[in-house]
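Since the structure comes first, as structure tokens, the remarks are kept for the end.
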Amino acid sequence: MTFLPNEILQKIFNLLTIKCYNIHCARSLFNCLLVNRHWCVNAVVILWKDPFSNYNGKKPFNMMITSFLVCLNVEECKDLEKHGVIIPNYEPMFDYPKYLSHLNVNGLKGAIFDKIVMKNESDRVRSLVMKYILIMLSRRENKLESLTIRIGYGFLTVPINDIEILLHPNIRSLIEPVKKINLLLGSPTDGFIIKLASVCQNLDSLNISFRDFGIQNFIDVAHLVKVQKSLELIQICHEG
């Protein structure tokens, strides 16, 4: 049987995501995993480079969290199990975390929210799951290209405490290489942007959408811009 070269197949899959990336396209890519091993290997690369930007609460995104959980180390798994989190006992087919290059923080938390359903202390346990996943990603020396964060802005907004986990000493190395940040601001950030500026100083692109910008957010964003070493593009959009 003759197969398309990996590079060609990945370009086709990637073109699909660029032209019409929505939940229907994501579902189509998930289906590609089932065609054969060759398609599966190449679809995984595309699906996992930006797995949570189109999070919508459906089953495939829960499965992605499961795939991350089985990549945690023994100590992290034991700690989560003490808190009632069930960690599947199987070897993943791929080293999924290594493909991640775009991180939507709110989409990740949303998928964790749906995956981890508990009667007591669910918010604290979900935050712990998110912390361990981000630490695991940091250990893999992933070089993130972009980061998307919503603060008080529409769908999937999460508490500022969950956003600030990105600044944890064992996690900040994950976001230091980022070249592009998308900020969606709808409420005060309580100094988070200033803290973010101390870590991310190599941006070449900064996109900001805001609803209730506020003078302090404006000052903080100005500082984020000021500390950049090679910023080429700034886009600011206001939504009333």
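Ordering of the structure tokens sets the chain letters (A, B, ...); residue numbers start at 1 within each chain; ligands are numbered from 1 in the order shown.
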
For this session: List every residue of segment 19-232 of chain A that DSSP, applied to the backbone of this structure, places in helix (DSSP H, G or I), and write the result as a VMD selection string.
Result: chain A and resid 19 to 20 23 to 32 37 to 47 59 to 69 74 to 82 96 to 99 105 to 115 122 to 139 160 to 167 172 to 175 192 to 197 215 to 226

Dump as CSV the rows for residues of segment 204-233 of chain A within 12 Å of segment 124-146 of chain A: closest atom pair and distance in Å with one decimal, only C-alpha atoms counted, ordered by chain and rising residue number.
residue,atom,partner,partner_atom,distance
A:Asp204,CA,A:Ser146,CA,10.3
A:Ser205,CA,A:Ser146,CA,9.1
A:Leu206,CA,A:Ser146,CA,9.7
A:Asn207,CA,A:Ser146,CA,10.7

Exercise. Can you tell me, as JSON, numbers by chain, what residues are no more than 9 Å from segment 225-227 of chain A when counting only C-alpha atoms, ignoring any on the same chain fewer than 3 positions away?
Worked result: {"A": [197, 198, 200, 201, 202, 203, 206, 220, 221, 222, 231, 234]}

Exercise. Can you list every residue in segment 21-234 of chain A that DSSP puts in strand (DSSP E or B), as a PyMOL selection string?
Worked result: chain A and resi 102-104+146-151+180-185+205-210+233-234

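Of the residues listed (A:Phe30, A:Tyr99, A:Phe94, A:Phe210), A:Tyr99 shows the shortest atom-to-atom separation from Asp50 of chain A; distances use only C-alpha atoms.
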
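Across A:Asn31, A:Ser230, A:Thr66, A:Ser101, the tightest approach to Val45 of chain A is made by A:Ser101 when counting only C-alpha atoms.
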
Problem set entry | Å distance separating atom CA of Lys78 of chain A from atom CA of Asp123 of chain A, one decimal place | 18.6 Å

Exercise. Near Ile12 of chain A, within 12 Å and counting only C-alpha atoms, which residues show up once chain neighbours fewer than 6 positions away are dropped, as a PyMOL selection string?
Worked result: chain A and resi 4-6+18-19+29+32+39+42-43+46

Exercise. Using only C-alpha atoms, which residue out of A:Gly186, A:Gly191, A:Gly152, A:Pro88 lies closest to Cys237 of chain A?
Worked result: A:Gly186

For this session: Excluding segment 156-169 of chain A and any residue of its chain fewer than 5 positions from it, enumerate the residues within 8 Å of it, using only C-alpha atoms, and give them as a ChimeraX atom specification.
Result: /A:105-107,109-110,127,131,134,149-151,175,189-190,192,195-196,199

Could you turn the residues from that selection into a file that holds C-alpha atoms, as a short mmCIF file (atom, residue, chain, number, x, y, z; two decimals), in the first residue's frame?
data_model
loop_
_atom_site.label_atom_id
_atom_site.label_comp_id
_atom_site.auth_asym_id
_atom_site.auth_seq_id
_atom_site.Cartn_x
_atom_site.Cartn_y
_atom_site.Cartn_z
CA VAL A 105 -5.23 28.11 29.60
CA ASN A 106 -8.98 28.53 29.97
CA GLY A 107 -9.73 25.67 27.59
CA LYS A 109 -9.15 24.35 32.84
CA GLY A 110 -12.56 23.85 31.23
CA SER A 127 -6.61 23.31 40.46
CA LYS A 131 -0.88 22.45 38.39
CA LEU A 134 1.48 22.23 33.69
CA ILE A 149 -5.61 33.76 28.54
CA ARG A 150 -9.11 35.00 29.37
CA ILE A 151 -9.64 37.04 32.52
CA ILE A 175 5.81 30.01 29.17
CA THR A 189 -6.13 41.39 36.56
CA ASP A 190 -4.92 42.16 40.10
CA PHE A 192 -1.13 39.40 36.95
CA LYS A 195 3.94 39.38 36.91
CA LEU A 196 3.53 37.91 33.43
CA VAL A 199 8.50 36.00 32.70
#

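Atom CA of Tyr55 of chain A is found 25.5 Å from atom CA of Arg37 of chain A.
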
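Atom CA of Leu47 of chain A is positioned 17.7 Å from atom CA of Val70 of chain A.
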